[in-house]
Each structure stands twice: as C-alpha cells, then as structure tokens.
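Q: Quick one: the structure is below, questions incoming.
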Amino acid sequence: MPFLALFAAILLLGIADSMVNSYIVLFGAEVAGLTPLQIGVWASVFAVGGITISWWLGRLFDRRPARTYVIGVILVGSAGYLLLPRVSNFPVLLLMAATVLGALGAAFPQLFALARAVLGEGAAGQRSAPLLRSAWSLAWAGGPLLGALVLSRGGYPWLMWSAAGVFLASALTVLVVPRPGPVVAASSSPGGTPVLLTASVTLFFTAMFAGGVALPLFVTRALHQQPASVGVLFSVCAAVEVVATLGLAVVPARFSQRAVILGGFGFLVCYHTLTVVSSDLLMLVISQVFRGVGIAIVGAAGIRYFQDLLAPATGRATTLFANASTAGLLVSGILTGVAVEHVGYRTTLLLCGVAAALGGAAFTLGSAGPTAGTRERCAAAPDRVDQAR
C-alpha cells in the first residue's frame, strides 16, 4: 500500500534525523570544540544547503515527478554522517553542511510532494499530510531516546554511524512507493508567492529552531541537568506531536484551517514563556506539551494549507513551505549564537517567543485576503463531497 510505504519512509527518516539533530549542538561544542557563534554559523550553512537543494529538486519534481530525487539526497546524507565523526575542522564542517549534510533538508519536502502525487488530489491525498506528519512526530518521540542510548554506549561516532544506517533504510523503503504518474503542469498554479504567509512560517520556525539551539545549552549549563535530559524533553515534545497531529486528521472540514494554524502560533508563544520561567526539569517537560501541539499544528496543517493554496504545483508548494521553515533555521543559527553569547539563555528564549508572536501576526494578515480564503473553501469542498456520498 503506497501510504504505508510512505509512512515507513518518513518514520525512518525522522528517527535518523532525531538521533543526530537532538545532539548535533552538543557534538559541535564537545567534540568539534565549536563556540556558540560557530555552532550558529554551522546551523545556518546547513540551512543554506537545504534551501538551495530543496528549491532545485522541487522545480524538477513539478516538471517530472520521480522517486529518484528523495532517494539520492538520503543516500548522500547517509554517507555524510558516516564521515562526520572523523571531522573536526571548522571549514570542512561548513563544506559538509552546505553539501552532503544539507542535502538531507530536501528529503522531507520531497517525500510529501511524492505522497501528494501518488495519493492524488482528492480527500485522501489532502488528509494524508497530517497522518504522514504524525510519522515524523512519532520518530521524534523515540529517536532522541534511541540516540541517547547509543550515545551512552558508543559515543558520538556510533551515534552518527547508527543514524547513517537508518537513513539508508529510509532510502530503500522509498523504492516500495509506486512511481508517480504525470501531473498537471505547474504553470497552471494561480497567483505568485504568498509573501506574508511564507514570512509567517519562517518566523515560526525561526522561533522553534532558535529555541532548539538554546534549549540544550540552557538545560545543561544553566539548570545543570544531564545531557540525556535533553533527549527526554525532545521525546516528550514529539510524543505530544503524534497525538496532536493525528487529531488534525479528524478535524471536520467545516473548521477553518486558518484558525487552527493561528492556534499553533499561540501554543509556541506559550511554550517559550513557560520555558523562560522554568527552574527544574518538571516545568520544562510541561512546557514541551505546548511546543509539541504548536509544531504539530503548523507543521502538518501548514503543509496542507500551502498545497491547497498553490495547487496543482505540489512540488513548488511543499518546497516553499519546507524552505520557509529551513530559512528559519538559517536565520536562527547565527542569531541564536550571538544572542546566547551577549544576552544569555533566558533572554534568547524570550526573544523566540516574540518571533513566534510576530509570525502569528504575519499569518493573520497574509491569510486574510480573498485569494487565501477562496482557496481554503475550495480545498474543503472535496471533503464535503466525500461526506455527502
């Protein structure tokens, strides 16, 4: 069944991604000896590589849909993580981030574009996004804990090598997905780039990624918790994401996607507010509930919103959303490094909350136009027809 193969591929990709990215900041600080600013620059270069490769492959997918693109970037990324434990030179780390490691940033949008092309434009195809996004959340529920186990037994080299093996398994699973058929020409997509909506997604993920960079350092250096507690927090967040994402799949069509997504921005603002006032691990765990719900809503409903808005340009829409989130990583990397060094962890996390609030304001303005509203109503129509049958 195509859906199960796609679900498995995204699950494996997410497990590998969460294993390494839960601890990549600590790897940079403890193994490569990078400063917070260098870590921020490194994260930003990751983002530049991911955005560039994702944009290129998104355009290719709309012209000629294929599984080859996602398989290729996952294999290249797997090879990169096999080599990473042997690299500590900062310029070489930057080069790898811009190429072999950054290429993995294209895998996520390519899998969702492939899913829309294979599953179709009807109700099943539209509702597949939240369900498939739950695979990513499920992976992040267990991946950080698995990474913590491998890290405690074999150190960072075995962590990277194990993740590379899981990446390889994800690439092989994509081969089970049927080849996508021909699609409607992407040039028929109405309108141009939704600038304010794209900016809102960038601000949301800037807040999310910046908080993700600051949180491990805040937990281990300010609150003096063990590094393994970072994995616990990320896993709690992902477990909440799973439940929230599955809940999105059963939200009736009459509910406004716009209102749901705005709620996601609000949850992320609440998360950063709670984290700033946290003094122990229990409070941090509670705050992760808000983070998980916010990420689930914007991450899953946002993909569907963009796909519906820019249909039938599935590759362009999914890549635009993914690149907006990766742009958040690009912006957050350097800014977080500078902020942590100059204003500290708590103020940095507070600024993340401000960025999320600004993102919500931008989405409110960008989704208020007649075009966005019309597209949302049209997107809901297949669901209503399906229910009538």
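Chain labels A, B, ... are given in the sequence in which chains occur in the structure tokens; within each chain residues are numbered consecutively from 1, and ligands are likewise numbered from 1 in the order shown.
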Report as a ChimeraX atom specification all protein, DNA and RNA residues lying within 8 Å of segment 262-279 of chain A, evaluated on only C-alpha atoms, omitting residues in the same chain fewer than 2 positions from it.
A: /A:204,208,211,223,258-260,281,283-284,287-291,293-298,346-347,349-350,352-354,356-357,359-360,363-364
Q: How about saving the chosen residues, N, CA and C atoms kept, as a short mmCIF file (atom, residue, chain, number, x, y, z; two decimals), in the first residue's frame?
A:
```cif
data_model
loop_
_atom_site.label_atom_id
_atom_site.label_comp_id
_atom_site.auth_asym_id
_atom_site.auth_seq_id
_atom_site.Cartn_x
_atom_site.Cartn_y
_atom_site.Cartn_z
N PHE A 204 7.89 31.46 12.50
CA PHE A 204 7.53 30.35 13.40
C PHE A 204 8.72 29.42 13.59
N MET A 208 11.20 28.28 16.63
CA MET A 208 11.34 26.88 17.01
C MET A 208 12.79 26.42 16.99
N GLY A 211 15.00 28.24 19.59
CA GLY A 211 14.77 27.64 20.89
C GLY A 211 15.42 26.27 21.00
N LEU A 223 20.69 25.14 34.03
CA LEU A 223 19.93 24.37 35.02
C LEU A 223 20.71 23.16 35.51
N ARG A 258 -7.34 28.21 8.81
CA ARG A 258 -6.66 29.45 9.22
C ARG A 258 -6.68 29.59 10.74
N ALA A 259 -7.84 29.36 11.35
CA ALA A 259 -7.95 29.49 12.80
C ALA A 259 -7.12 28.44 13.52
N VAL A 260 -7.10 27.23 12.97
CA VAL A 260 -6.32 26.15 13.57
C VAL A 260 -4.83 26.49 13.56
N LEU A 281 13.42 20.35 35.79
CA LEU A 281 13.09 19.52 34.64
C LEU A 281 11.59 19.32 34.49
N MET A 283 9.09 21.39 35.08
CA MET A 283 8.49 22.53 34.39
C MET A 283 8.83 22.53 32.91
N LEU A 284 10.05 22.11 32.61
CA LEU A 284 10.46 22.04 31.20
C LEU A 284 9.65 20.98 30.45
N SER A 287 6.25 22.36 29.69
CA SER A 287 6.29 23.33 28.59
C SER A 287 6.39 22.66 27.23
N GLN A 288 6.98 21.45 27.20
CA GLN A 288 7.12 20.74 25.94
C GLN A 288 5.77 20.33 25.36
N VAL A 289 4.75 20.21 26.21
CA VAL A 289 3.40 19.90 25.72
C VAL A 289 2.93 21.02 24.78
N PHE A 290 3.15 22.25 25.17
CA PHE A 290 2.75 23.39 24.34
C PHE A 290 3.58 23.42 23.06
N ARG A 291 4.86 23.13 23.18
CA ARG A 291 5.72 23.12 21.99
C ARG A 291 5.26 22.05 21.00
N VAL A 293 2.27 20.65 20.59
CA VAL A 293 1.00 20.98 19.94
C VAL A 293 1.22 22.05 18.86
N GLY A 294 2.01 23.07 19.18
CA GLY A 294 2.26 24.13 18.22
C GLY A 294 2.95 23.64 16.97
N ILE A 295 3.98 22.81 17.15
CA ILE A 295 4.71 22.30 15.99
C ILE A 295 3.83 21.38 15.16
N ALA A 296 3.01 20.56 15.83
CA ALA A 296 2.13 19.64 15.10
C ALA A 296 1.15 20.41 14.23
N ILE A 297 0.56 21.46 14.77
CA ILE A 297 -0.45 22.21 14.03
C ILE A 297 0.15 22.92 12.83
N VAL A 298 1.19 23.69 13.05
CA VAL A 298 1.78 24.45 11.94
C VAL A 298 2.50 23.52 10.97
N ARG A 346 18.00 32.70 28.88
CA ARG A 346 16.60 33.02 29.13
C ARG A 346 16.10 34.14 28.20
N THR A 347 16.91 35.16 28.04
CA THR A 347 16.50 36.26 27.15
C THR A 347 16.40 35.77 25.71
N LEU A 349 15.53 32.76 24.76
CA LEU A 349 14.28 32.02 24.66
C LEU A 349 13.08 32.97 24.65
N LEU A 350 13.17 34.05 25.40
CA LEU A 350 12.09 35.05 25.40
C LEU A 350 11.94 35.69 24.03
N CYS A 352 12.62 34.30 21.29
CA CYS A 352 12.00 33.29 20.43
C CYS A 352 10.47 33.39 20.51
N GLY A 353 9.96 33.61 21.72
CA GLY A 353 8.53 33.79 21.89
C GLY A 353 8.01 35.01 21.15
N VAL A 354 8.79 36.07 21.15
CA VAL A 354 8.42 37.29 20.41
C VAL A 354 8.36 37.00 18.91
N ALA A 356 7.72 34.15 17.47
CA ALA A 356 6.53 33.34 17.20
C ALA A 356 5.28 34.22 17.16
N ALA A 357 5.21 35.19 18.05
CA ALA A 357 4.06 36.11 18.07
C ALA A 357 4.02 36.94 16.79
N GLY A 359 5.19 36.02 13.94
CA GLY A 359 4.77 35.09 12.89
C GLY A 359 3.27 34.94 12.84
N GLY A 360 2.64 34.85 14.02
CA GLY A 360 1.19 34.77 14.07
C GLY A 360 0.53 36.00 13.47
N PHE A 363 0.84 35.79 9.69
CA PHE A 363 -0.10 34.82 9.11
C PHE A 363 -1.51 35.38 9.10
N THR A 364 -1.88 36.10 10.15
CA THR A 364 -3.20 36.72 10.22
C THR A 364 -3.42 37.65 9.04
#
```
Q: Excluding segment 158-169 of chain A and residues on its chain fewer than 5 positions from it, collect all residues at most 6 Å away from it, counting only C-alpha atoms, and give them as a list in words.
A: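 Skipping anything fewer than 5 positions along the chain leaves Leu13, Ala16, Ser78, Tyr81, Leu82, Val150 and Leu151 of chain A.
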Q: Just how far from atom CA of Ile261 of chain A is atom CA of Ser128 of chain A, in Å to one decimal?
A: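 Interatomic distance, atom CA of Ser128 of chain A to atom CA of Ile261 of chain A: 17.1 Å.
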Q: How many Å separate atom CA of Phe7 of chain A from atom CA of Leu114 of chain A?
A: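 Atom CA of Phe7 of chain A sits 11.7 Å away from atom CA of Leu114 of chain A.
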Q: Any idea what's packed within 12 Å of Thr99 of chain A, counting only C-alpha atoms, ignoring anything in its chain fewer than 6 positions away? Could you give it as a PyMOL selection string?
A: chain A and resi 45-54+73+76-77+79-81+92-93+105-106
Q: Which of these, A:Gly28, A:Pro36, A:Gly292, A:Gly14, has the shortest distance to Gly337 of chain A once you count only C-alpha atoms?
A: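 Answer, going by the shortest atom-to-atom distance: A:Pro36.
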Q: List as number ranges by chain the protein and nucleic acid residues near Phe108 of chain A, meaning an atom at most 10 Å away when only C-alpha atoms are counted, but skip any in the same chain fewer than 4 places from it.
A: A: 9-10, 13-14, 54, 70, 74, 104, 112-114, 133, 136, 318-319, 322
Q: Which of these, A:Val240, A:Leu233, A:Ala301, A:Val285, has the shortest distance to Pro130 of chain A once you count only C-alpha atoms?
A: A:Ala301
Q: Take atom CA of Thr206 of chain A and atom CA of Leu351 of chain A and report the distance between them in Å, one decimal.
A: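 According to the coordinates, atom CA of Thr206 of chain A and atom CA of Leu351 of chain A are separated by 10.4 Å.
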Q: Let's see if you can do this: from backbone DSSP, list all alpha helix (DSSP H) residues in segment 24-201 of chain A, as a PyMOL selection string.
A: chain A and resi 24-30+36-63+68-83+90-98+107-119+123-174+195-201
Q: So which one's closest to Leu131 of chain A, A:Ala115, A:Gly212, A:Thr326, A:Leu309? Using only C-alpha atoms, please.
A: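 Counting only C-alpha atoms, the residue closest to Leu131 of chain A is A:Ala115.
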Q: Hey, which of A:Leu149, A:Ala32, A:Leu215, A:Ile39 ends up closest to Pro85 of chain A? Count only C-alpha atoms.
A: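 Closest to Pro85 of chain A, using only C-alpha atoms: A:Ala32.
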Q: Taking into account only C-alpha atoms, which residue in the set A:Ala199, A:Ala368, A:Ala103, A:Leu175 is nearest to Ala327 of chain A?
A: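 Among A:Ala199, A:Ala368, A:Ala103, A:Leu175, it is A:Ala199 that comes nearest to Ala327 of chain A.
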Q: Near Val31 of chain A, counting only C-alpha atoms, which residues have an atom at most 12 Å away, once you skip same-chain residues fewer than 6 positions from it, shown as a list in words?
A: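 Here the qualifying residues turn out to be Tyr23, Ile24, Val25, Ile39, Leu84, Pro85, Arg86, Val87, Ser88, Asn89, Phe90, Gly155, Tyr156 and Pro157 of chain A.
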Q: Find, counting only C-alpha atoms, the residue in A:Val20, A:Leu26, A:Leu6, A:Ala317 that gets nearest to Gly143 of chain A.
A: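 Ranked by minimum distance to Gly143 of chain A, first place goes to A:Val20.
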